[in-house]
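Asks: One file is attached below, final18.pdb, containing PDB, C-alpha atoms.
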```pdb
ATOM      1  CA  MET A   1      74.602  77.921  98.093
ATOM      2  CA  ARG A   2      75.370  80.271  95.210
ATOM      3  CA  LYS A   3      75.047  83.312  97.516
ATOM      4  CA  LEU A   4      77.361  81.651 100.035
ATOM      5  CA  LEU A   5      79.936  81.033  97.302
ATOM      6  CA  VAL A   6      79.887  84.716  96.348
ATOM      7  CA  VAL A   7      80.547  85.712  99.953
ATOM      8  CA  LEU A   8      83.436  83.251 100.243
ATOM      9  CA  LEU A   9      84.970  84.512  97.022
ATOM     10  CA  MET A  10      84.835  88.074  98.346
ATOM     11  CA  LEU A  11      86.519  87.064 101.581
ATOM     12  CA  THR A  12      89.375  85.405  99.735
ATOM     13  CA  SER A  13      89.948  88.142  97.142
ATOM     14  CA  SER A  14      92.858  90.559  97.439
ATOM     15  CA  HIS A  15      91.200  93.945  97.829
ATOM     16  CA  GLY A  16      87.634  92.956  96.954
ATOM     17  CA  ALA A  17      86.561  92.798 100.597
ATOM     18  CA  ALA A  18      88.896  95.438 101.951
ATOM     19  CA  LEU A  19      86.348  97.060 104.207
ATOM     20  CA  ALA A  20      88.784  99.037 106.349
ATOM     21  CA  TRP A  21      87.605  99.014 109.955
ATOM     22  CA  GLY A  22      84.230  97.601 108.906
ATOM     23  CA  GLY A  23      81.027  99.475 109.539
ATOM     24  CA  LYS A  24      81.674  99.863 113.270
ATOM     25  CA  GLY A  25      85.129 101.371 112.910
ATOM     26  CA  HIS A  26      84.128 103.833 110.205
ATOM     27  CA  ARG A  27      81.099 104.927 112.224
ATOM     28  CA  ILE A  28      83.278 105.563 115.276
ATOM     29  CA  ILE A  29      85.733 107.605 113.203
ATOM     30  CA  GLY A  30      83.038 109.834 111.705
ATOM     31  CA  GLU A  31      81.113 110.370 114.927
ATOM     32  CA  LEU A  32      84.169 110.938 117.111
ATOM     33  CA  ALA A  33      85.685 113.468 114.725
ATOM     34  CA  ALA A  34      82.395 115.384 114.485
ATOM     35  CA  ARG A  35      82.009 115.381 118.249
ATOM     36  CA  ASN A  36      85.387 117.110 118.475
ATOM     37  CA  PHE A  37      85.143 119.653 115.660
ATOM     38  CA  PRO A  38      86.527 123.008 116.868
ATOM     39  CA  ALA A  39      84.286 125.975 117.643
ATOM     40  CA  SER A  40      85.063 127.539 114.261
ATOM     41  CA  ILE A  41      83.228 124.801 112.326
ATOM     42  CA  PRO A  42      79.637 125.729 111.340
ATOM     43  CA  ALA A  43      77.113 124.630 113.925
ATOM     44  CA  PHE A  44      75.051 122.508 111.509
ATOM     45  CA  LEU A  45      77.934 119.994 111.349
ATOM     46  CA  LYS A  46      78.065 119.561 115.133
ATOM     47  CA  THR A  47      74.486 118.708 116.054
ATOM     48  CA  PRO A  48      73.665 115.205 117.332
ATOM     49  CA  GLN A  49      71.877 114.534 114.043
ATOM     50  CA  ALA A  50      74.908 115.631 111.991
ATOM     51  CA  ARG A  51      77.238 113.478 114.079
ATOM     52  CA  PHE A  52      75.009 110.493 113.437
ATOM     53  CA  GLN A  53      74.823 111.265 109.716
ATOM     54  CA  ILE A  54      78.586 111.693 109.323
ATOM     55  CA  GLY A  55      79.142 108.388 111.094
ATOM     56  CA  GLN A  56      76.667 106.629 108.815
ATOM     57  CA  LEU A  57      77.946 108.300 105.652
ATOM     58  CA  ALA A  58      81.492 107.260 106.529
ATOM     59  CA  ARG A  59      80.328 103.676 105.904
ATOM     60  CA  GLU A  60      78.765 104.459 102.552
ATOM     61  CA  PRO A  61      81.661 103.752 100.126
ATOM     62  CA  ASP A  62      81.698 100.162 101.417
ATOM     63  CA  ILE A  63      77.919  99.828 101.481
ATOM     64  CA  SER A  64      77.734 100.969  97.853
ATOM     65  CA  ARG A  65      79.876  98.066  96.694
ATOM     66  CA  GLY A  66      78.235  95.413  94.597
ATOM     67  CA  ALA A  67      76.431  97.966  92.424
ATOM     68  CA  GLY A  68      77.884  96.339  89.306
ATOM     69  CA  GLN A  69      80.407  97.221  86.655
ATOM     70  CA  PRO A  70      81.955  99.648  85.897
ATOM     71  CA  HIS A  71      81.005 101.046  89.320
ATOM     72  CA  ASP A  72      82.956  98.579  91.464
ATOM     73  CA  TRP A  73      86.064  98.110  89.337
ATOM     74  CA  ASP A  74      86.439 101.869  88.949
ATOM     75  CA  LEU A  75      85.824 102.838  92.601
ATOM     76  CA  ASP A  76      87.212  99.955  94.683
ATOM     77  CA  PRO A  77      90.900 100.857  94.071
ATOM     78  CA  GLY A  78      90.257 104.206  95.753
ATOM     79  CA  HIS A  79      90.327 102.469  99.146
ATOM     80  CA  PHE A  80      94.008 101.495  99.153
ATOM     81  CA  VAL A  81      97.539 102.119  97.891
ATOM     82  CA  ASP A  82     100.027  99.264  97.533
ATOM     83  CA  LEU A  83     103.416 100.306  98.897
ATOM     84  CA  ASP A  84     106.095  97.647  98.635
ATOM     85  CA  ASP A  85     108.787  96.930 101.221
ATOM     86  CA  GLN A  86     110.992  99.668  99.738
ATOM     87  CA  GLY A  87     108.273 102.296 100.044
ATOM     88  CA  LYS A  88     107.512 102.361  96.320
ATOM     89  CA  ILE A  89     104.030 102.014  94.892
ATOM     90  CA  MET A  90     104.240  98.737  92.970
ATOM     91  CA  GLY A  91     107.863  99.530  92.148
ATOM     92  CA  GLY A  92     106.952 102.954  90.771
ATOM     93  CA  PRO A  93     106.394 106.340  92.468
ATOM     94  CA  THR A  94     107.094 106.960  96.145
ATOM     95  CA  LEU A  95     104.810 108.927  98.451
ATOM     96  CA  PRO A  96     107.175 111.945  98.535
ATOM     97  CA  ALA A  97     107.194 111.968  94.739
ATOM     98  CA  LEU A  98     103.501 111.420  94.034
ATOM     99  CA  PRO A  99     102.488 112.889  90.658
ATOM    100  CA  ALA A 100     100.125 115.852  90.849
ATOM    101  CA  SER A 101      97.165 114.064  89.246
ATOM    102  CA  ARG A 102      95.715 110.572  88.936
ATOM    103  CA  ARG A 103      96.349 110.779  85.212
ATOM    104  CA  ASP A 104     100.077 111.320  85.735
ATOM    105  CA  TYR A 105     100.095 108.734  88.536
ATOM    106  CA  ASP A 106      98.607 106.134  86.214
ATOM    107  CA  THR A 107     101.148 107.032  83.529
ATOM    108  CA  ALA A 108     104.022 106.563  85.986
ATOM    109  CA  LEU A 109     102.664 103.201  87.129
ATOM    110  CA  ARG A 110     102.160 101.936  83.587
ATOM    111  CA  ALA A 111     105.828 102.704  82.944
ATOM    112  CA  VAL A 112     106.689  99.990  85.513
ATOM    113  CA  GLY A 113     104.061  97.513  84.337
ATOM    114  CA  SER A 114     101.250  98.434  86.726
ATOM    115  CA  ASN A 115      98.349 100.925  86.780
ATOM    116  CA  GLN A 116      96.229 102.909  89.227
ATOM    117  CA  TYR A 117      93.594 100.191  89.424
ATOM    118  CA  ALA A 118      96.092  97.521  90.465
ATOM    119  CA  ALA A 119      98.111  99.754  92.787
ATOM    120  CA  GLY A 120      95.211 101.741  94.243
ATOM    121  CA  TYR A 121      94.714 105.490  94.264
ATOM    122  CA  LEU A 122      93.802 106.206  97.907
ATOM    123  CA  PRO A 123      96.143 109.251  98.109
ATOM    124  CA  TYR A 124      94.110 110.990  95.422
ATOM    125  CA  ASN A 125      90.819 110.315  97.199
ATOM    126  CA  LEU A 126      92.294 111.942 100.297
ATOM    127  CA  MET A 127      93.601 114.997  98.457
ATOM    128  CA  GLY A 128      90.669 115.438  96.073
ATOM    129  CA  GLY A 129      88.109 114.960  98.838
ATOM    130  CA  TRP A 130      89.775 117.626 100.960
ATOM    131  CA  GLN A 131      89.847 120.063  98.052
ATOM    132  CA  GLN A 132      86.144 119.407  97.443
ATOM    133  CA  LEU A 133      85.411 120.161 101.099
ATOM    134  CA  VAL A 134      87.316 123.451 100.859
ATOM    135  CA  LYS A 135      85.154 124.368  97.860
ATOM    136  CA  ASP A 136      81.987 123.294  99.675
ATOM    137  CA  PHE A 137      82.875 125.479 102.639
ATOM    138  CA  ALA A 138      83.722 128.433 100.380
ATOM    139  CA  ILE A 139      80.342 128.269  98.623
ATOM    140  CA  LEU A 140      78.600 127.894 101.978
ATOM    141  CA  ARG A 141      80.382 131.024 103.208
ATOM    142  CA  MET A 142      79.061 132.858 100.154
ATOM    143  CA  THR A 143      75.451 131.926 100.930
ATOM    144  CA  ILE A 144      75.863 132.992 104.561
ATOM    145  CA  ALA A 145      77.385 136.294 103.431
ATOM    146  CA  ALA A 146      74.521 136.843 100.980
ATOM    147  CA  GLN A 147      71.978 136.557 103.790
ATOM    148  CA  LYS A 148      74.051 138.783 106.068
ATOM    149  CA  HIS A 149      74.362 141.596 103.513
ATOM    150  CA  ALA A 150      70.931 141.255 101.882
ATOM    151  CA  ALA A 151      69.803 144.699 103.056
ATOM    152  CA  LYS A 152      73.008 146.371 101.903
ATOM    153  CA  PHE A 153      72.478 145.099  98.368
ATOM    154  CA  SER A 154      68.716 145.821  98.459
ATOM    155  CA  MET A 155      67.841 142.220  97.691
ATOM    156  CA  THR A 156      64.264 141.469  96.738
ATOM    157  CA  PRO A 157      62.237 138.930  98.711
ATOM    158  CA  ALA A 158      62.757 136.469  95.856
ATOM    159  CA  GLU A 159      66.536 136.953  95.974
ATOM    160  CA  ARG A 160      66.590 136.497  99.742
ATOM    161  CA  GLU A 161      64.597 133.295  99.378
ATOM    162  CA  ARG A 162      66.971 132.074  96.688
ATOM    163  CA  PHE A 163      70.009 132.404  98.936
ATOM    164  CA  SER A 164      68.151 130.870 101.865
ATOM    165  CA  ARG A 165      67.331 127.820  99.761
ATOM    166  CA  GLU A 166      70.864 127.671  98.398
ATOM    167  CA  ARG A 167      72.319 127.749 101.892
ATOM    168  CA  ALA A 168      70.160 124.806 102.929
ATOM    169  CA  LEU A 169      71.283 122.921  99.819
ATOM    170  CA  ARG A 170      74.947 123.719 100.440
ATOM    171  CA  GLU A 171      74.691 122.457 104.016
ATOM    172  CA  MET A 172      73.252 119.183 102.768
ATOM    173  CA  LEU A 173      75.925 118.773 100.068
ATOM    174  CA  THR A 174      78.738 119.696 102.444
ATOM    175  CA  LEU A 175      77.633 117.138 105.006
ATOM    176  CA  ARG A 176      77.334 114.454 102.347
ATOM    177  CA  ASP A 177      80.730 115.211 100.791
ATOM    178  CA  LEU A 178      82.382 115.290 104.219
ATOM    179  CA  GLY A 179      80.813 112.012 105.311
ATOM    180  CA  TRP A 180      81.687 110.143 102.107
ATOM    181  CA  TRP A 181      85.283 111.408 102.170
ATOM    182  CA  ALA A 182      85.591 110.508 105.869
ATOM    183  CA  HIS A 183      85.601 106.882 104.797
ATOM    184  CA  PHE A 184      88.882 107.253 102.937
ATOM    185  CA  VAL A 185      90.457 109.209 105.773
ATOM    186  CA  GLY A 186      89.591 106.152 107.861
ATOM    187  CA  ASP A 187      91.009 103.725 105.303
ATOM    188  CA  ALA A 188      94.347 105.537 105.359
ATOM    189  CA  SER A 189      94.959 104.810 109.055
ATOM    190  CA  ASN A 190      94.884 101.056 108.446
ATOM    191  CA  PRO A 191      98.392  99.720 107.742
ATOM    192  CA  MET A 192      97.006  97.024 105.459
ATOM    193  CA  HIS A 193      95.461  99.672 103.213
ATOM    194  CA  ALA A 194      98.916 101.143 102.596
ATOM    195  CA  SER A 195     100.808  97.985 101.740
ATOM    196  CA  ILE A 196     101.188  95.154  99.252
ATOM    197  CA  HIS A 197     100.710  92.933 102.323
ATOM    198  CA  HIS A 198      97.043  93.779 102.495
ATOM    199  CA  ASN A 199      95.585  90.339 103.113
ATOM    200  CA  GLY A 200      98.275  88.017 104.345
ATOM    201  CA  TRP A 201     101.956  88.504 103.558
ATOM    202  CA  SER A 202     102.284  88.712  99.797
ATOM    203  CA  ASP A 203     104.582  86.787  97.479
ATOM    204  CA  GLY A 204     108.260  87.465  97.961
ATOM    205  CA  PRO A 205     110.585  87.493 100.958
ATOM    206  CA  ASN A 206     108.885  86.603 104.234
ATOM    207  CA  PRO A 207     111.833  86.238 106.655
ATOM    208  CA  LYS A 208     109.667  86.453 109.778
ATOM    209  CA  GLY A 209     107.237  83.806 108.579
ATOM    210  CA  PHE A 210     104.158  85.990 108.744
ATOM    211  CA  THR A 211     100.790  84.498 107.857
ATOM    212  CA  THR A 212      99.708  84.307 104.236
ATOM    213  CA  ALA A 213      96.120  83.468 105.160
ATOM    214  CA  ARG A 214      93.503  85.252 103.057
ATOM    215  CA  ASP A 215      91.323  86.127 106.031
ATOM    216  CA  THR A 216      93.997  88.284 107.696
ATOM    217  CA  HIS A 217      92.539  91.573 106.498
ATOM    218  CA  ALA A 218      89.045  90.917 107.819
ATOM    219  CA  LYS A 219      90.431  89.475 111.058
ATOM    220  CA  PHE A 220      92.399  92.655 111.749
ATOM    221  CA  GLU A 221      90.016  95.410 110.801
ATOM    222  CA  GLU A 222      86.558  93.981 111.211
ATOM    223  CA  PHE A 223      86.283  90.864 113.376
ATOM    224  CA  PHE A 224      88.733  92.150 115.997
ATOM    225  CA  VAL A 225      87.115  95.587 116.085
ATOM    226  CA  ASP A 226      83.593  94.202 116.361
ATOM    227  CA  ALA A 227      84.568  91.916 119.240
ATOM    228  CA  ASN A 228      86.976  94.081 121.215
ATOM    229  CA  ILE A 229      86.850  97.814 120.466
ATOM    230  CA  ARG A 230      84.346 100.174 122.076
ATOM    231  CA  ASP A 231      83.686 103.810 121.243
ATOM    232  CA  ALA A 232      85.248 104.796 124.583
ATOM    233  CA  ASP A 233      88.449 102.876 123.783
ATOM    234  CA  VAL A 234      88.955 105.077 120.746
ATOM    235  CA  ALA A 235      87.789 108.335 122.320
ATOM    236  CA  GLN A 236      90.363 108.180 125.099
ATOM    237  CA  ARG A 237      93.148 107.918 122.510
ATOM    238  CA  LEU A 238      92.093 110.938 120.466
ATOM    239  CA  ARG A 239      95.120 113.226 120.286
ATOM    240  CA  PRO A 240      95.035 117.055 120.419
ATOM    241  CA  TYR A 241      94.649 119.054 117.218
ATOM    242  CA  ARG A 242      97.875 119.086 115.245
ATOM    243  CA  ALA A 243      98.433 122.061 112.952
ATOM    244  CA  CYS A 244     100.207 121.405 109.676
ATOM    245  CA  ALA A 245     101.664 124.401 107.863
ATOM    246  CA  CYS A 246     101.909 122.277 104.755
ATOM    247  CA  THR A 247     100.103 121.317 101.575
ATOM    248  CA  ILE A 248      97.436 118.643 101.434
ATOM    249  CA  GLN A 249      99.930 116.611  99.400
ATOM    250  CA  GLN A 250     102.451 116.718 102.256
ATOM    251  CA  ARG A 251      99.828 115.875 104.858
ATOM    252  CA  THR A 252      98.585 112.935 102.798
ATOM    253  CA  GLN A 253     102.122 111.667 102.280
ATOM    254  CA  ASP A 254     102.947 111.847 105.988
ATOM    255  CA  TYR A 255      99.698 110.179 107.050
ATOM    256  CA  LEU A 256     100.048 107.226 104.687
ATOM    257  CA  ALA A 257     103.761 106.829 105.422
ATOM    258  CA  ALA A 258     103.019 106.561 109.156
ATOM    259  CA  SER A 259     100.419 103.858 108.492
ATOM    260  CA  TRP A 260     102.716 101.933 106.138
ATOM    261  CA  ALA A 261     105.435 101.908 108.819
ATOM    262  CA  LEU A 262     103.107  99.870 111.076
ATOM    263  CA  VAL A 263     102.547  96.950 108.682
ATOM    264  CA  VAL A 264     105.171  94.729 110.328
ATOM    265  CA  PRO A 265     103.919  95.447 113.891
ATOM    266  CA  ALA A 266     100.393  94.510 112.752
ATOM    267  CA  TYR A 267     101.620  91.177 111.411
ATOM    268  CA  GLU A 268     103.666  90.570 114.555
ATOM    269  CA  LEU A 269     100.469  90.882 116.581
ATOM    270  CA  GLU A 270      98.775  88.377 114.288
ATOM    271  CA  LYS A 271     101.709  85.959 114.560
ATOM    272  CA  ALA A 272     101.535  86.150 118.359
ATOM    273  CA  GLY A 273      97.838  85.246 118.259
ATOM    274  CA  ALA A 274      96.839  88.672 119.581
ATOM    275  CA  LEU A 275      94.267  89.206 116.847
ATOM    276  CA  ASP A 276      92.512  85.923 117.677
ATOM    277  CA  ARG A 277      92.487  86.579 121.414
ATOM    278  CA  ALA A 278      92.774  90.237 122.345
ATOM    279  CA  THR A 279      95.697  91.389 124.457
ATOM    280  CA  PRO A 280      96.292  94.852 125.922
ATOM    281  CA  GLU A 281      98.861  95.401 123.173
ATOM    282  CA  SER A 282      96.560  94.453 120.301
ATOM    283  CA  LYS A 283      93.636  96.448 121.699
ATOM    284  CA  ASP A 284      95.858  99.496 122.113
ATOM    285  CA  PHE A 285      97.293  99.137 118.606
ATOM    286  CA  VAL A 286      93.936  98.851 116.850
ATOM    287  CA  ALA A 287      92.164 101.495 118.961
ATOM    288  CA  GLU A 288      95.053 103.903 118.405
ATOM    289  CA  ARG A 289      94.851 103.457 114.645
ATOM    290  CA  ILE A 290      91.123 104.196 114.633
ATOM    291  CA  ALA A 291      91.692 107.176 116.943
ATOM    292  CA  GLU A 292      94.355 108.513 114.593
ATOM    293  CA  ALA A 293      91.847 108.403 111.739
ATOM    294  CA  ALA A 294      89.335 110.396 113.826
ATOM    295  CA  SER A 295      92.067 112.871 114.783
ATOM    296  CA  GLN A 296      93.130 113.273 111.162
ATOM    297  CA  LEU A 297      89.529 113.773 110.046
ATOM    298  CA  ARG A 298      88.916 116.440 112.702
ATOM    299  CA  ASP A 299      92.164 118.234 111.816
ATOM    300  CA  LEU A 300      91.578 118.101 108.064
ATOM    301  CA  VAL A 301      88.038 119.461 108.397
ATOM    302  CA  ALA A 302      89.300 122.296 110.591
ATOM    303  CA  ASP A 303      92.024 123.106 108.067
ATOM    304  CA  ALA A 304      89.544 122.963 105.174
ATOM    305  CA  TRP A 305      87.328 125.530 106.900
ATOM    306  CA  THR A 306      90.311 127.817 107.463
ATOM    307  CA  GLN A 307      91.466 127.408 103.858
ATOM    308  CA  SER A 308      87.999 128.161 102.494
ATOM    309  CA  ALA A 309      88.250 131.745 103.777
ATOM    310  CA  LYS A 310      91.079 132.282 101.288
ATOM    311  CA  ALA A 311      89.237 130.825  98.300
ATOM    312  CA  THR A 312      88.016 132.489  95.134
ATOM    313  CA  LEU A 313      84.654 131.623  93.580
ATOM    314  CA  GLY A 314      83.331 132.106  90.066
ATOM    315  CA  TYR A 315      85.029 132.004  86.697
ATOM    316  CA  ARG A 316      83.741 134.838  84.451
ATOM    317  CA  ASN A 317      83.411 137.274  87.333
ATOM    318  CA  PRO A 318      85.554 135.784  90.142
ATOM    319  CA  MET A 319      85.192 137.005  93.702
ATOM    320  CA  THR A 320      87.166 136.221  96.827
ATOM    321  CA  VAL A 321      85.387 134.773  99.833
ATOM    322  CA  ALA A 322      86.933 137.588 101.872
ATOM    323  CA  ASP A 323      85.240 140.226  99.680
ATOM    324  CA  LEU A 324      81.925 138.391  99.846
ATOM    325  CA  GLU A 325      82.040 138.050 103.619
ATOM    326  CA  SER A 326      82.984 141.695 104.120
ATOM    327  CA  GLY A 327      80.130 142.878 101.888
ATOM    328  CA  LYS A 328      82.516 144.333  99.328
ATOM    329  CA  ALA A 329      81.306 141.984  96.576
ATOM    330  CA  ASP A 330      77.672 141.374  95.554
ATOM    331  CA  PRO A 331      77.025 137.588  95.433
ATOM    332  CA  ARG A 332      74.235 138.090  92.862
ATOM    333  CA  LEU A 333      76.955 138.943  90.313
ATOM    334  CA  LEU A 334      78.903 135.748  90.956
ATOM    335  CA  ASN A 335      79.198 133.422  87.966
TER     336      ASN A 335
END
```
As structure tokens, what does this structure read like?

Replies:
Amino acid sequence: MRKLLVVLLMLTSSHGAALAWGGKGHRIIGELAARNFPASIPAFLKTPQARFQIGQLAREPDISRGAGQPHDWDLDPGHFVDLDDQGKIMGGPTLPALPASRRDYDTALRAVGSNQYAAGYLPYNLMGGWQQLVKDFAILRMTIAAQKHAAKFSMTPAERERFSRERALREMLTLRDLGWWAHFVGDASNPMHASIHHNGWSDGPNPKGFTTARDTHAKFEEFFVDANIRDADVAQRLRPYRACACTIQQRTQDYLAASWALVVPAYELEKAGALDRATPESKDFVAERIAEAASQLRDLVADAWTQSAKATLGYRNPMTVADLESGKADPRLLN
């Protein structure tokens, strides 16, 4: 009975059970994106095993919940951002005016009586995770370059073995970082993860009489998906690659703004009963949102790989990835 009570409390909490898309949806997003990585992406990320691993890792931030405190209270707000009906985050910053860091974001929210833990910091998980992937790819490029130019730099057998081992490690870390971050890319496609109306219409004006039931979130993203959405439904809605000659801040802003704009349509589907009994409209809406997450993940990974070629590594003796890949710089001197 005590275990049942804990489960019920989670289901009725605000963001405590905000498992965007549930395990099935996040798996589909990770696997579908990996299946459609462009030819430029390293082959180790496109094998059947890697696709499976990315799909499973995309579920991990939800699976890790319940580890205790401070783990949960510190990490759970990274799954959402609470935009109000005016497009402000809890009455504070807007997406176009997001502060550069979580520290400054928290300061801005505290000035209006909130904080990053109440409002959520999903935008920073998206941006920081992408920047980590760029770094992962840049270091991976270095290890590949070291093996390619080993003879030129007269590397010893021990040095060759070192870079071989490091490459294997970097592949493992890159796959793990990509898979974990994929979860938050998935969260961002869910309108309820970008709104104060995240689990039933919140307090305040409700002119259309939308539901205030505390099971709305799970009904939309988990129960509906489990019962009605197949991998093929999502795959057929995957859009073509969309280039963005913009910063990761701009891309994050645009992605979350597009999701936030669909909050009312999501609640209109619920009001019409289309989340209790699937209709063509509700299936299309939910499958399209999951497909957009997979499309965004594919595009962001492709852009991270491209950006990594322009990176600089090291701090005391910095080297560009371009110099390392061309054989101009000796990776043994990198520090």

Asks: Which residues of segment 209-228 of chain A come within 10 Å of segment 23-42 of chain A, and what is each one's closest atom pair and distance in Å (one decimal), counting only C-alpha atoms, sorted by chain and residue number, as a Markdown table?

Replies:
```
| residue | atom | partner | partner_atom | distance |
| --- | --- | --- | --- | --- |
| A:Glu221 | CA | A:Gly25 | CA | 8.0 |
| A:Glu222 | CA | A:Gly25 | CA | 7.7 |
| A:Val225 | CA | A:Gly25 | CA | 6.9 |
| A:Asp226 | CA | A:Lys24 | CA | 6.7 |
```

Asks: Run the PyMOL selection byres ((chain A and resi 91) around 10) mentally over the shown coordinates, then write out the matched residues as a PyMOL selection string, using the chain letters and numbers from the document.

Replies: chain A and resi 82-90+92-94+109+111-114+119

Asks: For those residues, write C-alpha atoms to a file as an mmCIF file, in the coordinates of the input.

Replies:
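Written file, result-v9.cif:
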```cif
data_model
loop_
_atom_site.group_PDB
_atom_site.id
_atom_site.type_symbol
_atom_site.label_atom_id
_atom_site.label_comp_id
_atom_site.auth_asym_id
_atom_site.auth_seq_id
_atom_site.Cartn_x
_atom_site.Cartn_y
_atom_site.Cartn_z
ATOM 1 C CA ASP A 82 100.027 99.264 97.533
ATOM 2 C CA LEU A 83 103.416 100.306 98.897
ATOM 3 C CA ASP A 84 106.095 97.647 98.635
ATOM 4 C CA ASP A 85 108.787 96.930 101.221
ATOM 5 C CA GLN A 86 110.992 99.668 99.738
ATOM 6 C CA GLY A 87 108.273 102.296 100.044
ATOM 7 C CA LYS A 88 107.512 102.361 96.320
ATOM 8 C CA ILE A 89 104.030 102.014 94.892
ATOM 9 C CA MET A 90 104.240 98.737 92.970
ATOM 10 C CA GLY A 92 106.952 102.954 90.771
ATOM 11 C CA PRO A 93 106.394 106.340 92.468
ATOM 12 C CA THR A 94 107.094 106.960 96.145
ATOM 13 C CA LEU A 109 102.664 103.201 87.129
ATOM 14 C CA ALA A 111 105.828 102.704 82.944
ATOM 15 C CA VAL A 112 106.689 99.990 85.513
ATOM 16 C CA GLY A 113 104.061 97.513 84.337
ATOM 17 C CA SER A 114 101.250 98.434 86.726
ATOM 18 C CA ALA A 119 98.111 99.754 92.787
#
```

Asks: Kindly resolve the PyMOL selection byres ((chain A and resi 335) around 7) on the present coordinates and return the residues as a list in words.

Replies: Gly314, Tyr315, Arg316, Asn317, Leu333 and Leu334 of chain A

Asks: When the PyMOL selection byres ((chain A and resi 219) around 12) is applied to the file above, which residues end up in the set, as a PyMOL selection string?

Replies: chain A and resi 11+17-22+192+198-200+211+213-218+220-228+266-267+269-270+273-278+286

Asks: Considering all atoms listed in the file, state which residue in the set A:Ala97, A:Met142, A:Met172, A:Val301 is at the smallest distance from Arg242 of chain A.

Replies: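 Selected residue with least distance to Arg242 of chain A: A:Val301.
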
Asks: Kindly indicate which residue among A:Gln296, A:Val234, A:Arg165, A:Gly327 lies nearest to Asp254 of chain A, using all atoms listed in the file for the distances.

Replies: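 Ranking A:Gln296, A:Val234, A:Arg165, A:Gly327 by distance to Asp254 of chain A, first place goes to A:Gln296.
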
Asks: Find the spatial neighbours of Leu262 of chain A, counting only C-alpha atoms, within a cut-off of 6 Å - ignore same-chain residues fewer than 3 positions away - and output them as a ChimeraX atom specification.

Replies: /A:191,259,265

Asks: Which residues of segment 175-290 of chain A come within 7 Å of segment 121-134 of chain A, and what is each one's closest atom pair and distance in Å (one decimal), counting all atoms listed in the file, sorted by chain and residue number, as a Markdown table?

Replies:
```
| residue | atom | partner | partner_atom | distance |
| --- | --- | --- | --- | --- |
| A:Asp177 | CA | A:Leu133 | CA | 6.8 |
| A:Leu178 | CA | A:Leu133 | CA | 6.5 |
| A:Trp181 | CA | A:Gly129 | CA | 5.6 |
| A:Phe184 | CA | A:Leu126 | CA | 6.4 |
| A:Val185 | CA | A:Leu126 | CA | 6.4 |
| A:Ile248 | CA | A:Met127 | CA | 6.1 |
| A:Gln249 | CA | A:Met127 | CA | 6.6 |
| A:Thr252 | CA | A:Pro123 | CA | 6.4 |
```

Asks: I want to know what sits within 7 Å of Glu60 of chain A, based on all atoms listed in the file, with residues of the same chain fewer than 4 positions away left out; could you give that as a list in words?

Replies: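 Returned residues: Gln56, Ser64 and Trp180 of chain A.
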
Asks: Dump C-alpha atoms for the selected residues as a compact mmCIF listing (two decimals), in the coordinates of the input?

Replies:
```
# COMPACT_ATOMS: atom_id res chain seq x y z
CA GLN A 56 76.67 106.63 108.82
CA SER A 64 77.73 100.97 97.85
CA TRP A 180 81.69 110.14 102.11
```

Asks: Here is a test: counting only C-alpha atoms, which residue of A:Arg160, A:Arg103, A:Arg65, A:Arg141 is nearest to Leu313 of chain A?

Replies: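 Under the stated criterion, the closest residue is A:Arg141.
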
Asks: By how many Å are atom CA of Arg289 of chain A and atom CA of Leu98 of chain A apart?

Replies: 23.7 Å

Asks: Quick one: pull the distance between atom CA of Asp330 of chain A and atom CA of Ala43 of chain A, Å, one decimal.

Replies: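 Calculated distance between atom CA of Asp330 of chain A and atom CA of Ala43 of chain A is 24.9 Å.
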
Asks: Would you mind listing what lies within 9 Å of Leu140 of chain A as a PyMOL selection string, with all atoms listed in the file counted and same-chain residues fewer than 6 positions away left out?

Replies: chain A and resi 166-167+170-171+174

Asks: Of the residues A:Asp299, A:Glu288, A:Asp106, A:Asp187, which is the one nearest to Ala232 of chain A, using all atoms listed in the file?

Replies: A:Glu288

Asks: Between A:Pro96, A:Ala235, A:Ala309, A:Glu161, which is the closest to Arg251 of chain A once you count all atoms listed in the file?

Replies: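 Nearest candidate to Arg251 of chain A out of A:Pro96, A:Ala235, A:Ala309, A:Glu161: A:Pro96.
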
Asks: Just give me the gap between atom CA of Arg237 of chain A and atom CA of Gln253 of chain A in Å, one decimal is fine.

Replies: 22.4 Å

Asks: Box for segment 93-103 of chain A: with edges along x, y and z, all listed atoms inside and 5 Å added on each side, what are the centre and edge lengths in Å to one decimal, as lines of an AutoDock Vina configuration file?

Replies:
```
center_x = 101.5
center_y = 111.1
center_z = 91.9
size_x = 21.5
size_y = 19.5
size_z = 23.3
```

Asks: Tell me which of A:Arg110, A:Lys135, A:His193, A:Arg230 sits closest to Ala258 of chain A, counting only C-alpha atoms.

Replies: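 Using only C-alpha atoms, Ala258 of chain A sits closest to A:His193.
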